[in-house]
Amino acid sequence: MPRPTPPDDRVIARRRQVGEQIRRVREHHNLTQHDVCGRSGIDIATYSRIEQGHSSPKLDTLIRIADAIGCELADFVQ
């Protein structure tokens with residue numbers, strides 16, 4: 001089975017932007033990472049990697065994060 005190609009610089013930069021936006025929205029709602037993880041059931045290490053842009057979360061995970069924060073999914077990609 002062929003290995004997937006690593007993401008290019010543009011994709012990495014966009015992933016970091018999304019992670020930073022998730023953090024801004026979370027902070028705007030006065031929530032900690034632990035708050036979001038407790039509400040969403042996501043492991044703290046996984047969530048931290050998402051905010052730092054080191055992980056590409058599945059859509060289902062992003063929906064769980066948005067629901068835990070109490071925002072729209074679109075708030076993460078504006």
# chains A, B, ... in the order shown; residues from 1 in each chain; ligands from 1
>>> residues_around(residues="Gln33 (chain A)", least_positions_apart="2", cutoff="9 Å", atoms="only C-alpha atoms", output="ChimeraX atom specification")
/A:23,26,31,35-38,44,47-48
>>> select_by_dssp(residues="region 1-75 of chain A", states="helix (DSSP H, G or I)", output="short mmCIF file (atom, residue, chain, number, x, y, z; two decimals) with N, CA and C atoms, in the first residue's frame")
data_model
loop_
_atom_site.label_atom_id
_atom_site.label_comp_id
_atom_site.auth_asym_id
_atom_site.auth_seq_id
_atom_site.Cartn_x
_atom_site.Cartn_y
_atom_site.Cartn_z
N ASP A 9 3.49 23.08 2.30
CA ASP A 9 3.57 24.22 3.22
C ASP A 9 2.25 24.98 3.33
N ARG A 10 1.53 25.08 2.23
CA ARG A 10 0.25 25.81 2.24
C ARG A 10 -0.76 25.10 3.15
N VAL A 11 -0.79 23.80 3.06
CA VAL A 11 -1.72 23.02 3.89
C VAL A 11 -1.33 23.13 5.37
N ILE A 12 -0.05 23.06 5.65
CA ILE A 12 0.43 23.19 7.03
C ILE A 12 0.08 24.55 7.59
N ALA A 13 0.27 25.59 6.81
CA ALA A 13 -0.05 26.95 7.26
C ALA A 13 -1.55 27.10 7.52
N ARG A 14 -2.37 26.56 6.65
CA ARG A 14 -3.82 26.65 6.83
C ARG A 14 -4.27 25.87 8.06
N ARG A 15 -3.65 24.71 8.29
CA ARG A 15 -3.97 23.90 9.47
C ARG A 15 -3.65 24.68 10.74
N ARG A 16 -2.53 25.40 10.75
CA ARG A 16 -2.17 26.23 11.91
C ARG A 16 -3.17 27.36 12.11
N GLN A 17 -3.62 27.96 11.02
CA GLN A 17 -4.62 29.03 11.12
C GLN A 17 -5.91 28.52 11.74
N VAL A 18 -6.34 27.35 11.33
CA VAL A 18 -7.57 26.77 11.89
C VAL A 18 -7.37 26.50 13.37
N GLY A 19 -6.23 25.94 13.75
CA GLY A 19 -5.95 25.68 15.16
C GLY A 19 -5.95 26.95 15.99
N GLU A 20 -5.35 28.01 15.45
CA GLU A 20 -5.33 29.30 16.16
C GLU A 20 -6.73 29.86 16.30
N GLN A 21 -7.55 29.68 15.27
CA GLN A 21 -8.92 30.17 15.33
C GLN A 21 -9.75 29.40 16.36
N ILE A 22 -9.54 28.10 16.43
CA ILE A 22 -10.23 27.30 17.45
C ILE A 22 -9.85 27.83 18.83
N ARG A 23 -8.57 28.10 19.05
CA ARG A 23 -8.12 28.63 20.34
C ARG A 23 -8.78 29.98 20.63
N ARG A 24 -8.81 30.87 19.63
CA ARG A 24 -9.42 32.20 19.84
C ARG A 24 -10.90 32.07 20.21
N VAL A 25 -11.62 31.22 19.49
CA VAL A 25 -13.05 31.03 19.78
C VAL A 25 -13.23 30.46 21.19
N ARG A 26 -12.40 29.47 21.54
CA ARG A 26 -12.48 28.87 22.87
C ARG A 26 -12.24 29.92 23.95
N GLU A 27 -11.21 30.73 23.77
CA GLU A 27 -10.90 31.77 24.75
C GLU A 27 -11.99 32.83 24.81
N HIS A 28 -12.58 33.15 23.67
CA HIS A 28 -13.68 34.11 23.62
C HIS A 28 -14.85 33.64 24.48
N GLN A 33 -8.85 24.47 27.75
CA GLN A 33 -8.75 23.24 26.96
C GLN A 33 -9.40 22.08 27.71
N HIS A 34 -9.21 22.04 29.02
CA HIS A 34 -9.81 20.97 29.83
C HIS A 34 -11.34 21.03 29.78
N ASP A 35 -11.90 22.25 29.77
CA ASP A 35 -13.36 22.39 29.66
C ASP A 35 -13.85 21.75 28.36
N VAL A 36 -13.19 22.11 27.26
CA VAL A 36 -13.61 21.60 25.95
C VAL A 36 -13.45 20.08 25.89
N CYS A 37 -12.35 19.58 26.42
CA CYS A 37 -12.12 18.13 26.39
C CYS A 37 -13.15 17.39 27.24
N GLY A 38 -13.49 17.94 28.38
CA GLY A 38 -14.50 17.31 29.22
C GLY A 38 -15.86 17.27 28.56
N ARG A 39 -16.19 18.32 27.83
CA ARG A 39 -17.48 18.39 27.16
C ARG A 39 -17.54 17.56 25.88
N SER A 40 -16.39 17.41 25.22
CA SER A 40 -16.37 16.75 23.92
C SER A 40 -15.91 15.30 23.98
N ILE A 44 -6.95 15.35 25.95
CA ILE A 44 -6.29 16.65 26.03
C ILE A 44 -5.09 16.75 25.10
N ALA A 45 -4.31 15.69 24.98
CA ALA A 45 -3.14 15.73 24.09
C ALA A 45 -3.58 15.89 22.63
N THR A 46 -4.62 15.20 22.24
CA THR A 46 -5.15 15.32 20.88
C THR A 46 -5.65 16.73 20.63
N TYR A 47 -6.42 17.26 21.59
CA TYR A 47 -6.97 18.60 21.43
C TYR A 47 -5.85 19.63 21.33
N SER A 48 -4.84 19.50 22.16
CA SER A 48 -3.72 20.43 22.14
C SER A 48 -3.02 20.41 20.78
N ARG A 49 -2.83 19.22 20.20
CA ARG A 49 -2.21 19.12 18.88
C ARG A 49 -3.07 19.80 17.81
N ILE A 50 -4.38 19.72 17.95
CA ILE A 50 -5.27 20.38 16.99
C ILE A 50 -5.09 21.89 17.08
N GLU A 51 -5.12 22.44 18.30
CA GLU A 51 -4.96 23.89 18.45
C GLU A 51 -3.59 24.37 17.97
N GLN A 52 -2.58 23.55 18.13
CA GLN A 52 -1.23 23.93 17.70
C GLN A 52 -1.02 23.74 16.20
N LEU A 59 -13.71 15.67 10.47
CA LEU A 59 -14.87 16.55 10.56
C LEU A 59 -15.68 16.26 11.82
N ASP A 60 -15.86 14.98 12.15
CA ASP A 60 -16.62 14.62 13.35
C ASP A 60 -15.99 15.23 14.60
N THR A 61 -14.67 15.25 14.66
CA THR A 61 -13.97 15.83 15.81
C THR A 61 -14.20 17.34 15.87
N LEU A 62 -14.13 18.00 14.73
CA LEU A 62 -14.38 19.45 14.70
C LEU A 62 -15.81 19.77 15.14
N ILE A 63 -16.75 18.94 14.75
CA ILE A 63 -18.14 19.14 15.16
C ILE A 63 -18.26 18.99 16.67
N ARG A 64 -17.60 17.99 17.23
CA ARG A 64 -17.63 17.80 18.68
C ARG A 64 -17.00 18.99 19.41
N ILE A 65 -15.93 19.55 18.87
CA ILE A 65 -15.29 20.71 19.49
C ILE A 65 -16.23 21.92 19.42
N ALA A 66 -16.83 22.16 18.26
CA ALA A 66 -17.76 23.29 18.11
C ALA A 66 -18.93 23.15 19.07
N ASP A 67 -19.49 21.96 19.18
CA ASP A 67 -20.61 21.73 20.11
C ASP A 67 -20.17 21.96 21.55
N ALA A 68 -18.96 21.52 21.90
CA ALA A 68 -18.46 21.70 23.27
C ALA A 68 -18.24 23.17 23.60
N ILE A 69 -17.81 23.94 22.62
CA ILE A 69 -17.58 25.37 22.84
C ILE A 69 -18.89 26.14 22.78
N LEU A 73 -19.57 25.54 13.51
CA LEU A 73 -18.39 24.95 12.88
C LEU A 73 -17.68 25.97 11.99
N ALA A 74 -18.46 26.78 11.32
CA ALA A 74 -17.90 27.79 10.41
C ALA A 74 -17.02 28.82 11.14
N ASP A 75 -17.20 28.97 12.43
CA ASP A 75 -16.38 29.92 13.20
C ASP A 75 -14.91 29.54 13.18
#
>>> atom_distance(atom1="CA of Pro6 (chain A)", atom2="CA of Pro57 (chain A)")
15.4 Å
>>> atom_distance(atom1="CA of Gly53 (chain A)", atom2="CA of Thr5 (chain A)")
17.7 Å
